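Asks: There's a structure below that I have some questions on.
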Amino acid sequence: MHPLSLRLGSIALTVLAATSRSNAADFDPLQYVDQLIGSRNGGNIFPGATLPYGMAKAVADTTSGSNQGGFTLDGSPISGFSAMHDSGTGGSPSLGNFPLFPYASCPGDDIDRCDFPKKTRAPRHGQFNASSVVARPGYFEVTLNSGVNAAMTSTFHAALFRFTFPAGDGSSHPLILQDLTDLSDSRQDNGTVSVDAETGRITGNGRFQSSFSQGKYVLYFCTDFSGPPILDNGIFVNSRASTDAKDLTISRSINGYPLPGGAFVRFASTDTPVLARVGLSFISSEQACSNAEAEIPDYDFDGIAQTASDAWKEKLAPITISAGGADEDLIKNFYSGIYRTMVNPQNYTGENPFFNTGEPYFDSFYCLWDSFRSQIPFLTLIDPSAVAEMIRSLIDTYRYEGWLPDCRMTFSKGYTQGGSNADVVLADGYLKGITDGIDWDVGYEAVVKDAEVEPFDWSSNGRGGLDSWKALGYIPVQDFDYKGFGTMTRSVSRTLEYSYNDFTIAQMAQLMNKDADTEKYLQSSDNWKNLYKSDQISKFASGADTGFTGFFQPKFLNETWDYQDPLWCSNIDNAGTVCSLQNTAHETFESSIWEYGFFVPHNQGDLISLYGGPDQFVRRLDFLHDSNITYIGNEPAFLTVFQYHYAGRPALSAKRAHFYIPRFFDITPEGLPGNDDSGAMGSFVAFSMMGLFPNPGQNVYLIVPPFFESVNITNPQTGNTATIRNVNFDPTYQGIYIQSATLDGEPYTKNWIDHSFFTEGKELVLTLGRNESTWGTAVEDLPPSVGDYTGFNRTSSGRRAIRNIGARYAANFGQGGYKLS
């Protein structure tokens, strides 16, 4: 019998960074952060100035079709400079509200000869040289070809812009406009703006469409200026402006594009820079002003930038490595990945206009389908206090709206992509001892509701098809579901994800001594087996057989089989197959049956048996990767890189990690294989290079050698430092295979560790060589599985008792409780 003792610790570490300096206190990790990674080729990252989880995010906005994070380095011109953004998202751009745009002067000093609409100002005045771009934590700078230099920094709810103009002849009057628009041109009716004739303060608001949802939100702003004297100010509508009018309420118009409108301020000279302080709020313009005044009282640009830099250094500095000769580009890749994990989600606490219960409120969970796999588990290591606040926010959203969200952006319910994956986030935090201020009784109530009660609109929360799920043990294709409504697709991927969601609930139930629930949800976690068709073959588009038999397939209500080509929606599917949330889509979401065929994170033992044993499992995994079926730029691929561990071949996981990094993840602007998905790609890089990869929702980290000689991780809650050290480290990566290991000086043969490694500050020493060894290959050394491992060098027999499915550390973060054995 293979025990599924999901042993844990609490949380938090402060994960690895990079230096060979002897004194880690002198090390500045920010020198290795490159915010421009992913600013081209669809990475969609936010490269600008922000704080960790900050609401204000200042950067230049380009007109690129890939401007979801605002700025791109793909040659597109700049349309403005705004202070609200997300990072790394797909779909339509979000935020980018109320951009500023600077002119050194208007031709002939005539304000009507300045270009006000962004459709004309961007191509005519927004060109820039990429070599002028400077991006570092808390700071962003670019120089327009007009000679205007724009630098920016931020606090939590406000941004400070510094516009420096080329020297004039004394008659130049620089103008800065502020536009009632956003990145996706989603403003609705009745945007408003006012400018104070004496002070130049601009205040206003607009109602906008939330991205990837049906919701809308109202955002308010308050902009003040410091610098040369004010010459005049006013408002503009479309391409015309006036200094006589100071207030504007503007319609969207009837032509599908919001009518341009906003305000402007002109200054008496170009002799000194203009500082523009932009406060933001979802509550009111008054709160936007008070946010700005409290956080940036004296326009100290350098001081604000330094404070932001210090905040980032505090988050990253406890992570140290000994590089051991590793290429500096890899160090930058590592640190930059860590940095991106803390850009989103965003802490909107105190800015929620709908419910203010005193609990933290986080937004821009975009989406949990992406972030549950590695991003939030990574934050559990480096910033457990923030994860506790995120979980409290998710639970508070459940209290107010009745359901845990799967996606959340600007206070709107985003679309659910698969299962109810907030269940996994909560379970992962509970198992790893996250406790700070969390009402876990309500948290458990919320995940059980996901499993038991179907919402009317399950396209935005919860699960659909629950009557069929309970009666048949799967989600049918073309289900009859009259209790709730959503896109009637993804029956295969939803079945697989619901199965895993139920397993994570079972773990929570077991640790809460809820025996009946433990047995119930452990049983339903086996429902994935009901869609396995043992005789299903898979062929390429050419008709050639892939050589593999046995795949998941959709099934009708009457329990007869439907058919989906296992390669549809794969990386080699060139037939234009629809694979997202469209009502014409198929039965897997953003991934093929080939790839979803490995998504049984809790029961790899039974899955390996279905696939013919460990050798055939490895052969199938190799085929998935080597035939380019999987796409490492999408999150379902992440765990497949390391699933060789479950077949007793951890060396192949190490080999596969080096196959993808740096080949698909490097430090160039096009260095991401897809959009960063709010830091998901960054967390994959960081975990992989750190040498431990999580099976999310379980107390399991799969061991591979770090990409550096050693990694030190100081736990921010216990103060203990965990170390992973390579002996015989080879910076050319010819010797990447573990020959033997010790844990705290004792021989260690398991190919995985649990969370106590971090909380108790243990030392894992890996001796490396050039060839695969027997380390970590015995059945007793494999990671936990609900089902038995059979067909290995030694066969496991006897089913694990339900009561052993999990274990949790006490609230004192590792001072007792279960230990690694």
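By order of appearance in the structure tokens: chains A, B, ..., then residues from 1 within every chain, and ligands from 1 in the order shown.
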Mind checking which residues fall within 9 Å of range 456-471 of chain A, counting only C-alpha atoms, ignoring those fewer than 4 positions away in the same chain, and posting them as a PyMOL selection string?

Replies: chain A and resi 213+403-407+413-420+449-452+475-476+479-488+494-495+498+524+527+557

Asks: Give me, as a tab-separated table, each residue of range 213-279 of chain A that comes within 6 Å of range 166-183 of chain A, together with its shortest interatomic pair and the distance in Å at one decimal, counting only C-alpha atoms, with rows ordered by chain and rising residue number.

Replies:
residue	atom	partner	partner_atom	distance
A:Gly261	CA	A:Leu180	CA	5.8
A:Gly262	CA	A:Asp179	CA	4.5
A:Ala263	CA	A:Gln178	CA	5.4
A:Phe264	CA	A:Leu177	CA	4.0
A:Val265	CA	A:Ile176	CA	5.6
A:Arg266	CA	A:Leu175	CA	4.3
A:Phe267	CA	A:His173	CA	5.4
A:Ala268	CA	A:His173	CA	5.4
A:Ser269	CA	A:His173	CA	5.3

Asks: Measuring between only C-alpha atoms, which one of A:Tyr521, A:Tyr748, A:Phe208, A:Phe163 shows the shortest distance to Ser94 in chain A?

Replies: A:Phe208

Asks: Might you pull out every residue within 12 Å of Val133 in chain A, with only C-alpha atoms counted and same-chain residues fewer than 5 positions away left off, and present them as a ChimeraX atom specification?

Replies: /A:34-36,39,47-48,59-60,71-73,128,139-144,149-152

Asks: When you look at Val425 in chain A with a cut-off of 8 Å (counting only C-alpha atoms), what residues show up, excluding the ones that are within fewer than 4 positions of it in the same chain? I need them as JSON, numbers by chain.

Replies: {"A": [372, 376, 391, 421, 429, 697]}

Asks: Pick out the closest residue to Val727 in chain A from this set: A:Pro455, A:Pro297, A:Gly613, A:Gly324. Count only C-alpha atoms.

Replies: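 Distance minimum relative to Val727 in chain A lands on A:Gly324.
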
Asks: List as a tab-separated table every residue of range 67-122 of chain A that is in contact with range 675-691 of chain A, defined as an atom at most 10 Å from one of its atoms (using only C-alpha atoms), together with the nearest atom pair and the distance in Å rounded to one decimal, sorted by chain and then rising number.

Replies:
residue	atom	partner	partner_atom	distance
A:Gln68	CA	A:Asn675	CA	9.4
A:Gly69	CA	A:Ser678	CA	9.8
A:Asp86	CA	A:Ser678	CA	7.5
A:Ser87	CA	A:Ser678	CA	5.2
A:Gly88	CA	A:Asp676	CA	4.2
A:Thr89	CA	A:Asp677	CA	4.8
A:Gly90	CA	A:Asn675	CA	6.5

Asks: As a short mmCIF file (atom, residue, chain, number, x, y, z; two decimals) with C-alpha atoms, in the first residue's frame, which residues of range 573-811 of chain A does DSSP assign to strand (DSSP E)?

Replies:
data_model
loop_
_atom_site.label_atom_id
_atom_site.label_comp_id
_atom_site.auth_asym_id
_atom_site.auth_seq_id
_atom_site.Cartn_x
_atom_site.Cartn_y
_atom_site.Cartn_z
CA LEU A 692 11.01 21.88 -6.29
CA PHE A 693 7.68 21.84 -8.11
CA PRO A 694 4.32 21.59 -6.33
CA TYR A 701 6.92 19.17 -3.85
CA LEU A 702 8.66 17.13 -6.55
CA ILE A 703 12.46 17.25 -6.32
CA SER A 710 22.50 26.06 -3.92
CA VAL A 711 19.33 27.85 -2.93
CA ASN A 712 18.55 29.27 0.51
CA ILE A 713 14.96 30.01 1.49
CA THR A 714 14.28 31.89 4.70
CA THR A 721 16.27 28.87 6.42
CA ALA A 722 15.82 25.85 4.15
CA THR A 723 18.67 24.96 1.81
CA ILE A 724 18.80 22.89 -1.37
CA ARG A 725 22.40 22.22 -2.31
CA ASN A 726 23.89 20.47 -5.31
CA VAL A 727 27.13 18.51 -4.96
CA TYR A 737 20.70 13.64 -12.48
CA ILE A 738 20.41 12.96 -8.76
CA GLN A 739 22.59 10.05 -7.65
CA SER A 740 21.83 10.27 -3.95
CA ALA A 741 20.40 12.70 -1.41
CA THR A 742 20.50 13.53 2.26
CA LEU A 743 17.96 15.42 4.34
CA GLU A 746 20.45 11.49 6.77
CA PRO A 747 20.08 9.45 3.56
CA TRP A 752 9.43 14.47 -3.09
CA ILE A 753 9.33 16.49 0.12
CA GLU A 763 18.82 21.04 4.33
CA LEU A 764 18.46 18.87 1.23
CA VAL A 765 21.80 17.89 -0.35
CA LEU A 766 21.68 16.37 -3.83
CA THR A 767 24.70 14.59 -5.28
CA LEU A 768 24.57 14.88 -9.06
CA GLY A 769 25.96 12.92 -11.98
#
